[in-house]
Every structure is written in structure tokens, then in C-alpha cells.
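Participant: Data file target-v7.csv (CSV, C-alpha atoms) is appended below.
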```
chain,number,residue,atom,x,y,z
Q,25,VAL,CA,0.0,0.0,0.0
Q,26,PRO,CA,1.8,3.2,-1.1
Q,27,GLN,CA,0.3,5.3,1.7
Q,28,PHE,CA,2.0,3.1,4.2
Q,29,ARG,CA,5.6,3.5,2.8
Q,30,PRO,CA,8.0,5.7,4.7
Q,31,GLY,CA,8.8,9.2,3.4
Q,32,GLN,CA,5.2,10.5,2.9
Q,33,ASP,CA,4.5,14.1,2.1
Q,34,CYS,CA,1.3,13.9,4.2
Q,35,LYS,CA,-0.8,15.7,1.7
Q,36,ALA,CA,-3.3,12.9,1.4
Q,37,PRO,CA,-2.1,10.1,3.7
Q,38,LYS,CA,-5.3,8.3,4.5
Q,39,VAL,CA,-6.2,4.7,3.6
Q,40,ILE,CA,-10.0,4.6,3.7
Q,41,ALA,CA,-12.1,1.4,4.0
Q,42,SER,CA,-15.2,0.7,1.9
Q,43,THR,CA,-17.4,-0.3,4.8
Q,44,VAL,CA,-20.5,-2.3,5.4
Q,45,VAL,CA,-22.5,-0.8,8.4
Q,46,PHE,CA,-24.3,-3.2,10.7
Q,47,GLU,CA,-27.1,-1.6,12.8
Q,48,SER,CA,-27.2,-3.0,16.3
Q,49,SER,CA,-27.1,-6.6,15.0
Q,50,PRO,CA,-25.1,-8.6,12.4
Q,51,GLU,CA,-28.4,-9.5,10.9
Q,52,CYS,CA,-29.4,-5.8,10.3
Q,53,THR,CA,-27.7,-3.9,7.5
Q,54,TRP,CA,-28.6,-1.7,4.5
Q,55,LYS,CA,-28.6,-3.2,1.0
Q,56,GLY,CA,-25.8,-1.9,-1.2
Q,57,ARG,CA,-24.9,1.0,1.1
Q,58,ARG,CA,-21.3,1.7,2.0
Q,59,TRP,CA,-19.6,4.0,4.5
Q,60,PHE,CA,-16.0,5.4,4.4
Q,61,HIS,CA,-14.6,4.6,7.9
Q,62,PRO,CA,-12.4,3.4,9.5
Q,63,ASP,CA,-9.5,5.4,8.2
Q,64,ALA,CA,-5.8,4.7,8.7
Q,65,ALA,CA,-2.6,6.8,8.3
Q,66,LEU,CA,1.1,6.3,8.7
Q,67,GLY,CA,2.3,7.5,12.1
Q,68,GLU,CA,4.8,9.9,10.5
Q,69,CYS,CA,1.8,11.9,9.2
Q,70,VAL,CA,0.0,12.0,12.6
Q,71,ASP,CA,0.2,14.9,15.0
Q,72,GLN,CA,2.4,14.3,18.1
Q,73,ILE,CA,4.1,11.5,16.2
Q,74,GLY,CA,5.5,12.9,13.0
Q,75,ASP,CA,8.3,15.5,12.6
Q,76,THR,CA,7.0,19.1,12.6
Q,77,LYS,CA,10.3,20.3,11.1
Q,78,LEU,CA,9.4,18.2,8.0
Q,79,HIS,CA,5.7,19.0,8.2
Q,80,PRO,CA,5.2,22.6,9.6
Q,81,SER,CA,1.9,23.3,11.4
Q,82,THR,CA,-1.1,24.6,9.5
Q,83,LYS,CA,-3.7,27.1,10.7
Q,84,ARG,CA,-7.0,26.1,12.2
Q,85,ASN,CA,-10.0,28.0,13.4
Q,86,LYS,CA,-9.4,27.6,17.2
Q,87,TRP,CA,-6.3,29.4,18.4
Q,88,GLU,CA,-4.7,28.5,15.0
Q,89,SER,CA,-3.7,25.1,16.3
Q,90,HIS,CA,-7.0,23.4,17.2
Q,91,GLY,CA,-10.4,22.9,15.5
Q,92,MET,CA,-11.0,22.7,11.7
Q,93,ARG,CA,-8.3,23.5,9.1
Q,94,LEU,CA,-8.9,27.0,7.6
Q,95,ASN,CA,-9.7,27.4,3.9
Q,96,GLY,CA,-6.5,27.2,1.9
Q,97,TYR,CA,-4.7,25.6,4.8
Q,98,GLY,CA,-5.8,22.0,4.1
Q,99,ASN,CA,-9.6,22.2,4.4
Q,100,TYR,CA,-11.1,20.0,1.7
Q,101,GLY,CA,-7.6,19.3,0.4
Q,102,ASN,CA,-6.9,22.9,-0.6
Q,103,TYR,CA,-3.4,23.9,0.5
Q,104,SER,CA,-2.9,27.0,-1.6
Q,105,ARG,CA,-2.4,29.4,1.3
Q,106,TYR,CA,-0.4,26.9,3.3
Q,107,GLU,CA,2.0,26.6,0.5
Q,108,ALA,CA,2.3,30.4,0.1
Q,109,ASP,CA,2.2,31.5,3.7
Q,110,VAL,CA,3.9,28.6,5.5
Q,111,LEU,CA,6.1,26.7,3.2
Q,112,LYS,CA,7.4,29.4,0.9
Q,113,PRO,CA,9.0,31.5,3.7
Q,114,LEU,CA,10.7,28.4,4.9
Q,115,ASN,CA,12.0,27.6,1.4
Q,116,MET,CA,10.1,24.3,1.5
Q,117,THR,CA,8.0,22.6,-1.1
Q,118,GLY,CA,6.1,19.3,-1.3
Q,119,GLN,CA,5.6,18.8,2.4
Q,120,TYR,CA,2.3,19.1,4.2
Q,121,PRO,CA,1.1,19.4,7.8
Q,122,LEU,CA,0.6,16.6,10.3
Q,123,TRP,CA,-3.0,15.3,10.9
Q,124,LEU,CA,-5.0,15.6,14.1
Q,125,PRO,CA,-7.1,12.5,15.0
Q,126,SER,CA,-10.3,14.5,14.2
Q,127,GLU,CA,-8.9,15.4,10.8
Q,128,ILE,CA,-8.1,11.7,10.0
Q,129,ARG,CA,-11.8,11.1,10.5
Q,130,ILE,CA,-13.4,14.1,8.8
Q,131,GLU,CA,-11.0,15.8,6.4
Q,132,VAL,CA,-10.5,14.9,2.7
Q,133,GLY,CA,-7.2,13.4,1.8
Q,134,GLY,CA,-6.6,9.8,0.9
Q,135,ALA,CA,-7.7,6.8,-1.2
Q,136,LEU,CA,-10.6,4.5,-0.7
Q,137,PHE,CA,-10.0,0.8,-1.1
Q,138,GLN,CA,-12.5,-2.0,-1.9
Q,139,LYS,CA,-11.9,-5.5,-3.2
Q,140,GLU,CA,-11.4,-5.9,-6.9
Q,141,ASP,CA,-14.1,-8.5,-7.5
Q,142,GLU,CA,-17.4,-8.4,-9.2
Q,143,TRP,CA,-19.2,-7.1,-6.1
Q,144,LYS,CA,-16.6,-4.5,-5.2
Q,145,SER,CA,-16.6,-6.2,-1.8
Q,146,PRO,CA,-16.0,-4.1,1.4
Q,147,THR,CA,-12.7,-3.8,3.2
Q,148,GLY,CA,-14.1,-2.7,6.5
Q,149,TYR,CA,-17.0,-3.0,8.9
Q,150,HIS,CA,-18.8,-0.6,11.2
Q,151,PHE,CA,-20.7,-2.0,14.1
Q,152,HIS,CA,-23.1,0.9,14.9
Q,153,ASN,CA,-25.0,1.0,18.2
Q,154,PHE,CA,-23.9,-2.5,19.3
Q,155,PHE,CA,-24.8,-1.7,22.9
Q,156,MET,CA,-25.9,-4.1,25.6
Q,157,SER,CA,-29.1,-2.3,26.7
Q,158,GLY,CA,-31.5,0.4,25.6
Q,159,GLU,CA,-30.4,2.6,28.4
Q,160,GLU,CA,-26.8,2.6,27.0
Q,161,ILE,CA,-28.2,3.7,23.7
Q,162,ARG,CA,-30.1,6.5,25.4
Q,163,PHE,CA,-27.0,7.6,27.3
Q,164,LYS,CA,-25.1,7.9,24.0
Q,165,TYR,CA,-27.8,9.9,22.3
Q,166,SER,CA,-28.4,12.2,25.2
Q,167,THR,CA,-24.7,13.1,25.7
Q,168,TYR,CA,-22.8,12.9,22.4
Q,169,GLY,CA,-21.8,15.8,20.1
Q,170,HIS,CA,-25.3,16.6,18.8
Q,171,ALA,CA,-27.3,15.4,21.7
Q,172,ASP,CA,-31.0,14.7,21.6
Q,173,PRO,CA,-32.8,16.3,24.6
Q,174,TYR,CA,-35.7,13.8,24.3
Q,175,ALA,CA,-33.4,10.7,24.2
Q,176,ARG,CA,-34.5,9.6,27.7
Q,177,VAL,CA,-38.2,9.5,27.0
Q,178,LYS,CA,-38.9,8.3,23.5
Q,179,SER,CA,-38.9,4.9,21.8
Q,180,LEU,CA,-35.7,3.8,20.1
Q,181,ARG,CA,-37.5,3.6,16.8
Q,182,ASP,CA,-38.1,7.4,17.0
Q,183,PHE,CA,-34.4,8.4,17.3
Q,184,ASP,CA,-33.4,8.3,13.7
Q,185,SER,CA,-33.7,6.3,10.5
Q,186,LYS,CA,-30.8,4.0,11.5
Q,187,LEU,CA,-32.4,2.9,14.7
Q,188,MET,CA,-35.7,2.7,13.1
Q,189,MET,CA,-34.3,0.2,10.6
Q,190,ALA,CA,-32.6,-1.8,13.4
Q,191,VAL,CA,-35.9,-2.0,15.3
Q,192,MET,CA,-37.8,-3.1,12.2
Q,193,CYS,CA,-35.1,-5.7,11.6
Q,194,ALA,CA,-35.4,-7.0,15.1
Q,195,LEU,CA,-39.2,-7.4,14.5
Q,196,GLY,CA,-38.6,-9.2,11.2
Q,197,ASN,CA,-39.7,-6.4,9.0
Q,198,HIS,CA,-37.4,-5.8,6.0
Q,199,THR,CA,-37.7,-3.5,3.0
Q,200,GLU,CA,-36.2,-3.4,-0.5
Q,201,ASN,CA,-33.4,-1.2,1.0
Q,202,THR,CA,-32.3,-3.6,3.7
Q,203,GLU,CA,-30.7,-7.1,3.6
Q,204,ILE,CA,-32.9,-10.0,4.7
Q,205,SER,CA,-30.1,-11.5,6.8
Q,206,PHE,CA,-26.3,-11.7,7.3
Q,207,GLU,CA,-26.2,-14.4,4.7
Q,208,SER,CA,-27.9,-12.3,2.0
Q,209,ILE,CA,-25.1,-9.7,1.9
Q,210,SER,CA,-23.5,-9.8,-1.5
Q,211,GLY,CA,-19.7,-10.1,-2.0
Q,212,THR,CA,-16.9,-12.0,-0.5
Q,213,SER,CA,-16.3,-10.1,2.7
Q,214,ARG,CA,-17.8,-10.9,6.1
Q,215,PRO,CA,-16.6,-10.1,9.7
Q,216,ILE,CA,-14.9,-13.2,10.9
Q,217,TYR,CA,-16.4,-13.3,14.3
Q,218,TYR,CA,-20.0,-13.4,13.0
Q,219,LEU,CA,-19.3,-16.2,10.6
Q,220,ASN,CA,-20.0,-18.2,13.7
Q,221,GLU,CA,-23.8,-18.7,13.6
Q,222,GLU,CA,-24.1,-19.1,17.3
Q,223,ALA,CA,-22.3,-15.8,17.9
Q,224,ARG,CA,-24.4,-14.1,15.3
Q,225,GLN,CA,-27.6,-15.4,16.7
Q,226,ALA,CA,-26.6,-14.5,20.3
Q,227,ARG,CA,-26.2,-10.9,19.4
Q,228,HIS,CA,-29.4,-10.8,17.3
Q,229,ASN,CA,-31.3,-12.4,20.2
Q,230,LEU,CA,-30.0,-9.7,22.6
Q,231,TRP,CA,-31.0,-7.0,20.2
Q,232,GLN,CA,-34.5,-8.4,19.9
Q,233,ASP,CA,-34.8,-8.5,23.7
Q,234,ILE,CA,-33.7,-4.9,23.9
Q,235,VAL,CA,-36.3,-3.9,21.3
Q,236,ARG,CA,-39.0,-5.9,23.0
Q,237,ARG,CA,-38.4,-4.3,26.4
Q,238,ASP,CA,-38.2,-0.9,24.8
Q,239,GLU,CA,-41.5,-1.3,22.9
Q,240,GLU,CA,-43.2,-2.4,26.1
Q,241,LYS,CA,-41.9,0.5,28.2
Q,242,TYR,CA,-41.9,3.4,25.7
Q,243,GLY,CA,-44.6,2.2,23.2
Q,244,GLN,CA,-44.6,2.3,19.4
Q,245,SER,CA,-44.4,5.4,17.3
Q,246,LYS,CA,-47.7,7.3,16.9
Q,247,ASN,CA,-47.3,6.6,13.1
Q,248,ASP,CA,-47.8,2.9,13.9
Q,249,GLU,CA,-50.8,3.2,16.2
```
Can I see the file as C-alpha cells?

Facilitator:
Amino acid sequence: VPQFRPGQDCKAPKVIASTVVFESSPECTWKGRRWFHPDAALGECVDQIGDTKLHPSTKRNKWESHGMRLNGYGNYGNYSRYEADVLKPLNMTGQYPLWLPSEIRIEVGGALFQKEDEWKSPTGYHFHNFFMSGEEIRFKYSTYGHADPYARVKSLRDFDSKLMMAVMCALGNHTENTEISFESISGTSRPIYYLNEEARQARHNLWQDIVRRDEEKYGQSKNDE
């Protein structure tokens, strides 16, 4: 993988997985939908690991060193002002700033990899909302970055489209946009742990129990009454 060879310029260092997203259970996923995390980058391009003499700092919107990269300083892959204002006075060319962990997640700059087979099979997996109870899900949604003030009092199916799909899946209701089961996912890639049917069924049973208790306590959506 070229991005993992030493001597990177760090302009676009990320290796990005083509990812299948499982919603709360290995039996619940969207049909044909891919995500673009996780991401990986060579350590020499990561902040606090790489050499700032080779990769001078860029400018960001919080105290210049924190937050989002400014326009022209690497935001959306545009380094025009960084090259003019940072590299040129140092008589440097062809080197770019180190990446904060948040930038590895959200900034543009890398290559997405998928398998070269007829299905373009995935190279990564995202296990979304694989919690052990409904209350753990509520804690997440009431405290994370864009918190929901009603997360403690409404049914899981009413949180967002992802949890709605997962709830419907637990109840055995599938649509043309969702896979019928783990086995129906096209391609040659599957998460190894869930190739074990007992492990797969154990997680799905737990998710069904979570949904059953949630429906009993919080009730169904008004749209379903």
C-alpha cells in the first residue's frame, strides 16, 4: 500500500475502508450502502508522532492550532495558502502538515480501497449501536456531540432512520433497501467473528430483547398506532 511506505509528504495520507454498516445486530444492514470509515494513516503523518520540522503546522479555526483547518490551509484538500504563507517563507515545497485525529476522521485526503471483485466487496465493517441495553443507547444519544434532549423519554424507533431500521429488523420487517439477513449480503467479505452462527444469533437475540423491552416501556411510534 503506497500510503504506508516511509517518506510520505502527508498531503493525502489516509487509507479509507469501503465499509458495510451493521445496525445493532449482524443481521441488520442496508442493502448496497457503503460508508467510508475506518481510516488509517502512517504514524509519520499523525500529530504528536510525526516531525514538525518536515511538516510545519497549518492554521486552524481555534487558536490557530485546534479545530478545523482553515480554507487554503488544508480544508477539503486545498493547501494554496499553506504553500504560500507557511512553506514558501521556509523555502520548502512538497511537504504538508501533520494530521490531528479528528482530521483523519473528517478531512478529505486519501484513497478508498475496496476489493477488486465483481461485487466491489468491502474492506471494513462498522458496528453501529452495538450496545448491551436500551439505556446505554439513550445515554449515547443524550450526551454525544449533537445530543437529543428527548433521548431519555422516546422509543428507540423514533431516534433516527438508522435505529428505526434496526428496530424493524429485530421485529422481522425488512424493505427493499435492507438485507434480509447476514447471509444475504453480496460479495466475498464478512466479519470473521460473525461467521459463527451461534455468535451471530446470540447478538441478534440480545438486540431483539432490547427492542421488545423498549417497545413495552416506551410504546410504538404514533405513526404505527

Participant: Counting only C-alpha atoms, note down every residue that has an atom within 9 Å of the point (-0.9, 5.7, 10.7) (file coordinates), as an mmCIF file with C-alpha atoms, in the coordinates of the input.

Facilitator:
```
data_model
loop_
_atom_site.group_PDB
_atom_site.id
_atom_site.type_symbol
_atom_site.label_atom_id
_atom_site.label_comp_id
_atom_site.auth_asym_id
_atom_site.auth_seq_id
_atom_site.Cartn_x
_atom_site.Cartn_y
_atom_site.Cartn_z
ATOM 1 C CA PHE Q 28 2.000 3.100 4.200
ATOM 2 C CA PRO Q 37 -2.100 10.100 3.700
ATOM 3 C CA LYS Q 38 -5.300 8.300 4.500
ATOM 4 C CA VAL Q 39 -6.200 4.700 3.600
ATOM 5 C CA ASP Q 63 -9.500 5.400 8.200
ATOM 6 C CA ALA Q 64 -5.800 4.700 8.700
ATOM 7 C CA ALA Q 65 -2.600 6.800 8.300
ATOM 8 C CA LEU Q 66 1.100 6.300 8.700
ATOM 9 C CA GLY Q 67 2.300 7.500 12.100
ATOM 10 C CA GLU Q 68 4.800 9.900 10.500
ATOM 11 C CA CYS Q 69 1.800 11.900 9.200
ATOM 12 C CA VAL Q 70 0.000 12.000 12.600
#
```

Participant: Using atom CA of Pro30 of chain Q and atom CA of Gly134 of chain Q as the two end points, give the distance in Å to one decimal.

Facilitator: 15.6 Å

Participant: Of the candidates Q:Val25, Q:Ala171, Q:Leu78, Q:Ala41, which one gets nearest to Tyr149 of chain Q if we count all atoms listed in the file?

Facilitator: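 Of Q:Val25, Q:Ala171, Q:Leu78, Q:Ala41, the one nearest Tyr149 of chain Q is Q:Ala41, counting all atoms listed in the file.
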
Participant: Which one is closest to Leu114 of chain Q: Q:Ser48, Q:His79, Q:Gly96, Q:Ala223? Count all atoms listed in the file.

Facilitator: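 Among the listed residues, Q:His79 lies closest to Leu114 of chain Q.
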
Participant: In terms of the shortest atom-to-atom distance over only C-alpha atoms, which of Q:His90, Q:Arg105, Q:Lys112, Q:Arg57 is closest to Pro125 of chain Q?

Facilitator: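 Looking at the shortest contact to Pro125 of chain Q, the residue is Q:His90.
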
Participant: With distances taken over all atoms listed in the file, which of Q:Gly101, Q:Pro215, Q:Gly196, Q:Gly31 is nearest to Pro50 of chain Q?

Facilitator: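 Closest candidate: Q:Pro215.
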